[in-house]
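To be precise, the following lines are coords20.json, and they hold JSON, C-alpha atoms and all ligand atoms.
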```
[["chain", "number", "residue", "atom", "x", "y", "z"],
["A", 137, "MET", "CA", 59.00, -116.81, -107.74],
["A", 138, "LEU", "CA", 56.35, -114.07, -107.90],
["A", 139, "GLY", "CA", 57.03, -113.37, -104.23],
["A", 140, "LEU", "CA", 60.39, -111.74, -105.17],
["A", 141, "ASP", "CA", 58.67, -109.11, -107.31],
["A", 142, "ARG", "CA", 59.18, -105.70, -105.65],
["A", 143, "GLY", "CA", 56.67, -104.02, -107.92],
["A", 144, "ALA", "CA", 56.97, -102.26, -111.27],
["A", 145, "PRO", "CA", 59.33, -99.28, -111.10],
["A", 146, "GLY", "CA", 57.60, -97.36, -113.90],
["A", 147, "ILE", "CA", 59.09, -94.28, -115.56],
["A", 148, "PRO", "CA", 57.85, -91.31, -113.50],
["A", 149, "GLY", "CA", 58.38, -87.82, -114.89],
["A", 150, "GLY", "CA", 60.74, -88.86, -117.69],
["A", 151, "ALA", "CA", 59.89, -86.00, -120.03],
["A", 152, "ASP", "CA", 60.11, -83.37, -117.27],
["A", 153, "ARG", "CA", 63.60, -84.51, -116.21],
["A", 154, "ARG", "CA", 64.84, -84.32, -119.79],
["A", 155, "ALA", "CA", 63.51, -80.77, -120.23],
["A", 156, "ALA", "CA", 65.26, -79.63, -117.05],
["A", 157, "LEU", "CA", 68.62, -80.81, -118.45],
["A", 158, "ILE", "CA", 68.53, -78.57, -121.55],
["A", 159, "PRO", "CA", 71.04, -75.73, -121.00],
["A", 160, "LEU", "CA", 69.79, -72.17, -121.44],
["A", 161, "THR", "CA", 72.81, -71.23, -123.59],
["A", 162, "MET", "CA", 71.94, -73.54, -126.50],
["A", 163, "GLU", "CA", 72.18, -72.06, -129.96],
["A", 164, "ARG", "CA", 70.22, -73.14, -133.01],
["A", 165, "CYS", "CA", 71.76, -74.59, -136.16],
["A", 166, "ASP", "CA", 71.68, -72.07, -139.04],
["A", 167, "ASN", "CA", 70.73, -74.85, -141.45],
["A", 168, "CYS", "CA", 68.15, -77.07, -139.73],
["A", 169, "GLY", "CA", 67.21, -74.99, -136.67],
["A", 170, "ASN", "CA", 68.09, -77.71, -134.18],
["A", 171, "PRO", "CA", 68.76, -76.30, -130.68],
["A", 172, "TYR", "CA", 71.87, -78.15, -129.54],
["A", 173, "ASP", "CA", 74.43, -77.81, -126.74],
["A", 174, "LYS", "CA", 77.40, -78.81, -128.94],
["A", 175, "THR", "CA", 77.06, -76.37, -131.82],
["A", 176, "PHE", "CA", 80.17, -74.88, -133.44],
["A", 177, "GLU", "CA", 80.87, -71.64, -135.29],
["A", 178, "VAL", "CA", 82.10, -71.08, -138.82],
["A", 179, "HIS", "CA", 83.18, -67.57, -139.85],
["A", 180, "LEU", "CA", 82.98, -67.03, -143.59],
["A", 181, "GLY", "CA", 83.48, -63.68, -145.27],
["A", 182, "GLY", "CA", 83.04, -61.87, -141.96],
["A", 183, "VAL", "CA", 79.72, -63.61, -141.23],
["A", 184, "ARG", "CA", 79.30, -65.90, -138.20],
["A", 185, "HIS", "CA", 77.39, -69.14, -138.72],
["A", 186, "VAL", "CA", 76.35, -71.71, -136.11],
["A", 187, "PHE", "CA", 75.87, -75.40, -136.92],
["A", 188, "ASP", "CA", 74.97, -78.57, -135.04],
["A", 189, "SER", "CA", 76.85, -80.83, -137.47],
["A", 190, "PHE", "CA", 79.40, -80.75, -140.27],
["A", 191, "GLU", "CA", 76.70, -82.04, -142.59],
["A", 192, "CYS", "CA", 74.59, -78.94, -141.97],
["A", 193, "ALA", "CA", 77.63, -76.69, -142.42],
["A", 194, "ILE", "CA", 78.36, -78.33, -145.77],
["A", 195, "GLN", "CA", 74.74, -78.01, -146.86],
["A", 196, "LYS", "CA", 74.73, -74.31, -146.05],
["A", 197, "LEU", "CA", 78.24, -73.13, -146.93],
["A", 198, "ALA", "CA", 80.08, -75.54, -149.24],
["A", 199, "PRO", "CA", 80.24, -74.33, -152.85],
["A", 200, "ALA", "CA", 78.53, -76.41, -155.55],
["A", 201, "CYS", "CA", 80.25, -77.61, -158.72],
["A", 202, "ALA", "CA", 79.31, -75.33, -161.64],
["A", 203, "HIS", "CA", 78.69, -78.40, -163.84],
["A", 204, "CYS", "CA", 77.32, -81.33, -161.80],
["A", 205, "GLY", "CA", 76.13, -79.43, -158.74],
["A", 206, "CYS", "CA", 77.73, -81.70, -156.15],
["A", 207, "ARG", "CA", 79.12, -80.07, -153.00],
["A", 208, "ILE", "CA", 82.84, -79.33, -153.14],
["A", 209, "LEU", "CA", 84.32, -80.49, -149.82],
["A", 210, "GLY", "CA", 87.99, -80.34, -150.77],
["A", 211, "HIS", "CA", 89.89, -77.57, -152.52],
["A", 212, "GLY", "CA", 88.11, -77.98, -155.83],
["A", 213, "LEU", "CA", 89.22, -76.34, -159.08],
["A", 214, "GLU", "CA", 88.59, -72.76, -160.10],
["A", 215, "ALA", "CA", 88.54, -71.20, -163.56],
["A", 216, "ASP", "CA", 87.02, -67.94, -164.79],
["A", 217, "GLY", "CA", 85.34, -67.39, -161.42],
["A", 218, "ALA", "CA", 83.56, -70.77, -161.44],
["A", 219, "LEU", "CA", 84.29, -73.68, -159.09],
["A", 220, "TYR", "CA", 84.39, -77.30, -160.22],
["A", 221, "CYS", "CA", 84.65, -80.58, -158.30],
["A", 222, "CYS", "CA", 87.05, -82.07, -160.86],
["A", 223, "ALA", "CA", 88.77, -81.43, -164.20],
["A", 224, "HIS", "CA", 86.13, -83.46, -166.06],
["A", 225, "CYS", "CA", 83.37, -81.09, -164.96],
["A", 226, "ALA", "CA", 85.52, -78.09, -165.92],
["A", 227, "ARG", "CA", 86.05, -79.55, -169.42],
["A", 228, "GLU", "CA", 82.30, -80.17, -169.79],
["A", 229, "LYS", "CA", 81.88, -76.43, -169.29],
["A", 230, "GLY", "CA", 84.54, -75.65, -171.90],
["A", 231, "VAL", "CA", 87.51, -75.14, -169.55],
["A", 232, "GLN", "CA", 90.29, -77.17, -171.16],
["A", 233, "ARG", "CA", 93.33, -76.11, -169.16],
["A", 234, "LEU", "CA", 92.48, -77.83, -165.85],
["A", 235, "VAL", "CA", 93.70, -81.43, -165.50],
["A", 236, "ASP", "CA", 93.44, -84.13, -162.82],
["A", 237, "ARG", "CA", 96.84, -85.66, -163.69],
["A", 238, "ALA", "CA", 99.90, -83.76, -164.88],
["A", 239, "ASP", "CA", 101.45, -86.83, -166.53],
["A", 240, "VAL", "CA", 98.49, -87.76, -168.75],
["A", 241, "HIS", "CA", 98.13, -86.33, -172.25],
["A", 242, "HIS", "CA", 94.51, -86.03, -173.30],
["A", 243, "PRO", "CA", 93.85, -86.72, -176.99],
["A", 244, "ALA", "CA", 92.44, -83.73, -178.83],
["B", 301, "ZN", "ZN", 71.71, -78.66, -138.37],
["B", 302, "ZN", "ZN", 81.29, -81.65, -160.78]]
```

Once you've parsed the file, please lay out its structure as structure tokens.
Amino acid sequence: MLGLDRGAPGIPGGADRRAALIPLTMERCDNCGNPYDKTFEVHLGGVRHVFDSFECAIQKLAPACAHCGCRILGHGLEADGALYCCAHCAREKGVQRLVDRADVHHPA
């Protein structure tokens, strides 16, 4: 059986071939600095941002809840210039008029 062995192929110049495939037009992610060929742009308030992933875009640009600090990925709730992830967080900050459900009456 050993007679069928054509010799070990090895992995010649693997790192060099990979380096040659990196395009020269790659941009770096504004959040993590990763140079990537599939970055995308987000324009916010007239400023152009470049990201390699939605996660990095969220980390950099998504507003944080004024009470719990979590990132607001949906529309969120706004009162008195502050953004909240939900009506509960707004109430914890003293904003009573925001509600999650219109058909529920909260006890005083
Ligand atoms: Zn990134
Ligand atoms: Zn919150």

Taking all atoms listed in the file into account, produce a table as JSON lines in which each residue of chain A with an atom at most 9 Å from an atom of ligand ZN 301 (chain B) appears once, together with its shortest atom pair and the distance in Å to one decimal, ordered by chain and rising number.
```
{"residue": "A:Arg164", "atom": "CA", "partner": "B:ZN301", "partner_atom": "ZN", "distance": 7.8}
{"residue": "A:Cys165", "atom": "CA", "partner": "B:ZN301", "partner_atom": "ZN", "distance": 4.6}
{"residue": "A:Asp166", "atom": "CA", "partner": "B:ZN301", "partner_atom": "ZN", "distance": 6.6}
{"residue": "A:Asn167", "atom": "CA", "partner": "B:ZN301", "partner_atom": "ZN", "distance": 5.0}
{"residue": "A:Cys168", "atom": "CA", "partner": "B:ZN301", "partner_atom": "ZN", "distance": 4.1}
{"residue": "A:Gly169", "atom": "CA", "partner": "B:ZN301", "partner_atom": "ZN", "distance": 6.1}
{"residue": "A:Asn170", "atom": "CA", "partner": "B:ZN301", "partner_atom": "ZN", "distance": 5.6}
{"residue": "A:Pro171", "atom": "CA", "partner": "B:ZN301", "partner_atom": "ZN", "distance": 8.6}
{"residue": "A:Tyr172", "atom": "CA", "partner": "B:ZN301", "partner_atom": "ZN", "distance": 8.8}
{"residue": "A:Thr175", "atom": "CA", "partner": "B:ZN301", "partner_atom": "ZN", "distance": 8.8}
{"residue": "A:Val186", "atom": "CA", "partner": "B:ZN301", "partner_atom": "ZN", "distance": 8.7}
{"residue": "A:Phe187", "atom": "CA", "partner": "B:ZN301", "partner_atom": "ZN", "distance": 5.5}
{"residue": "A:Asp188", "atom": "CA", "partner": "B:ZN301", "partner_atom": "ZN", "distance": 4.7}
{"residue": "A:Ser189", "atom": "CA", "partner": "B:ZN301", "partner_atom": "ZN", "distance": 5.7}
{"residue": "A:Phe190", "atom": "CA", "partner": "B:ZN301", "partner_atom": "ZN", "distance": 8.2}
{"residue": "A:Glu191", "atom": "CA", "partner": "B:ZN301", "partner_atom": "ZN", "distance": 7.4}
{"residue": "A:Cys192", "atom": "CA", "partner": "B:ZN301", "partner_atom": "ZN", "distance": 4.6}
{"residue": "A:Ala193", "atom": "CA", "partner": "B:ZN301", "partner_atom": "ZN", "distance": 7.4}
```

Ligand ZN 302 (chain B): which residues are within 6 Å, counting all atoms listed in the file? Reply as a short mmCIF file (atom, residue, chain, number, x, y, z; two decimals) with C-alpha atoms, keeping the file's coordinate frame.
```cif
data_model
loop_
_atom_site.label_atom_id
_atom_site.label_comp_id
_atom_site.auth_asym_id
_atom_site.auth_seq_id
_atom_site.Cartn_x
_atom_site.Cartn_y
_atom_site.Cartn_z
CA CYS A 201 80.25 -77.61 -158.72
CA HIS A 203 78.69 -78.40 -163.84
CA CYS A 204 77.32 -81.33 -161.80
CA GLY A 205 76.13 -79.43 -158.74
CA CYS A 206 77.73 -81.70 -156.15
CA TYR A 220 84.39 -77.30 -160.22
CA CYS A 221 84.65 -80.58 -158.30
CA CYS A 222 87.05 -82.07 -160.86
CA CYS A 225 83.37 -81.09 -164.96
#
```

* State, in Å with one decimal place, the distance from CA of Gln195 in chain A to CA of Thr161 in chain A. =>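 Separating CA of Gln195 in chain A from CA of Thr161 in chain A is a distance of 24.3 Å.
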
* To do: Figure out the distance between CA of Ile194 in chain A and CA of Arg207 in chain A, please, to one decimal in Å.
  =>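 About the pair CA of Arg207 in chain A and CA of Ile194 in chain A: they are 7.5 Å apart.
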
* To do: May I ask for the distance between CA of Val178 in chain A and CA of Pro199 in chain A, given in Å to one decimal place?
  =>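 Taking CA of Val178 in chain A and CA of Pro199 in chain A, their separation equals 14.5 Å.
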
* Near-Val235 in chain A list (9 Å; only C-alpha atoms; drop same-chain fewer than 3 positions) as a PyMOL selection string -> chain A and resi 222-224+226-227+232+238+240

* Proximity to His211 in chain A - best of A:Ala198, A:Val183, A:Lys229, A:Asp173, all atoms listed in the file -> A:Ala198

* Asked: Smallest atom-to-atom distance to Val231 in chain A: which of A:Leu209, A:Met162, A:Ala202, A:Leu180, using all atoms listed in the file?
  -> A:Ala202

Where's the centre, and what are the edge lengths in Å to one decimal, of a box along x, y and z enclosing all listed atoms of range 222-229 of chain A padded 4 Å per side, as JSON?
```
{"center_x": 85.3, "center_y": -79.9, "center_z": -165.3, "size_x": 14.9, "size_y": 15.0, "size_z": 16.9}
```

Could you complete range 171-195 of chain A so that it carries N, CA and C atoms, and give it back as a compact mmCIF listing (two decimals), keeping the file's coordinate frame?
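The resulting file, rebuild-v5.txt, is reproduced below:
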```
# COMPACT_ATOMS: atom_id res chain seq x y z
N PRO A 171 68.09 -76.84 -131.86
CA PRO A 171 68.76 -76.30 -130.68
C PRO A 171 69.63 -77.37 -130.06
N TYR A 172 70.93 -77.09 -129.89
CA TYR A 172 71.87 -78.15 -129.54
C TYR A 172 72.96 -77.56 -128.66
N ASP A 173 73.43 -78.33 -127.69
CA ASP A 173 74.43 -77.81 -126.74
C ASP A 173 75.86 -78.00 -127.23
N LYS A 174 76.04 -78.62 -128.41
CA LYS A 174 77.40 -78.81 -128.94
C LYS A 174 77.53 -78.20 -130.33
N THR A 175 76.92 -77.05 -130.53
CA THR A 175 77.06 -76.37 -131.82
C THR A 175 78.48 -75.83 -131.96
N PHE A 176 78.86 -75.50 -133.19
CA PHE A 176 80.17 -74.88 -133.44
C PHE A 176 79.98 -73.74 -134.43
N GLU A 177 80.96 -72.82 -134.44
CA GLU A 177 80.87 -71.64 -135.29
C GLU A 177 81.76 -71.78 -136.52
N VAL A 178 81.28 -71.21 -137.62
CA VAL A 178 82.10 -71.08 -138.82
C VAL A 178 82.01 -69.62 -139.25
N HIS A 179 83.16 -68.96 -139.38
CA HIS A 179 83.18 -67.57 -139.85
C HIS A 179 83.60 -67.56 -141.31
N LEU A 180 82.71 -67.04 -142.15
CA LEU A 180 82.98 -67.03 -143.59
C LEU A 180 82.67 -65.65 -144.14
N GLY A 181 83.67 -65.00 -144.70
CA GLY A 181 83.48 -63.68 -145.27
C GLY A 181 82.97 -62.67 -144.25
N GLY A 182 83.43 -62.81 -142.99
CA GLY A 182 83.04 -61.87 -141.96
C GLY A 182 81.68 -62.17 -141.33
N VAL A 183 81.03 -63.24 -141.77
CA VAL A 183 79.72 -63.61 -141.23
C VAL A 183 79.86 -64.84 -140.33
N ARG A 184 79.24 -64.78 -139.15
CA ARG A 184 79.30 -65.90 -138.20
C ARG A 184 78.12 -66.84 -138.42
N HIS A 185 78.43 -68.12 -138.57
CA HIS A 185 77.39 -69.14 -138.72
C HIS A 185 77.51 -70.13 -137.57
N VAL A 186 76.38 -70.71 -137.18
CA VAL A 186 76.35 -71.71 -136.11
C VAL A 186 75.72 -72.98 -136.66
N PHE A 187 76.39 -74.12 -136.41
CA PHE A 187 75.87 -75.40 -136.92
C PHE A 187 75.90 -76.47 -135.83
N ASP A 188 75.01 -77.44 -135.98
CA ASP A 188 74.97 -78.57 -135.04
C ASP A 188 75.72 -79.77 -135.59
N SER A 189 76.13 -79.70 -136.87
CA SER A 189 76.85 -80.83 -137.47
C SER A 189 77.61 -80.34 -138.69
N PHE A 190 78.64 -81.09 -139.06
CA PHE A 190 79.40 -80.75 -140.27
C PHE A 190 78.50 -80.90 -141.50
N GLU A 191 77.60 -81.84 -141.45
CA GLU A 191 76.70 -82.04 -142.59
C GLU A 191 75.88 -80.79 -142.86
N CYS A 192 75.37 -80.17 -141.80
CA CYS A 192 74.59 -78.94 -141.97
C CYS A 192 75.47 -77.80 -142.47
N ALA A 193 76.72 -77.73 -141.97
CA ALA A 193 77.63 -76.69 -142.42
C ALA A 193 77.91 -76.84 -143.91
N ILE A 194 78.11 -78.06 -144.36
CA ILE A 194 78.36 -78.33 -145.77
C ILE A 194 77.15 -77.92 -146.60
N GLN A 195 75.97 -78.31 -146.14
CA GLN A 195 74.74 -78.01 -146.86
C GLN A 195 74.57 -76.51 -147.05
```
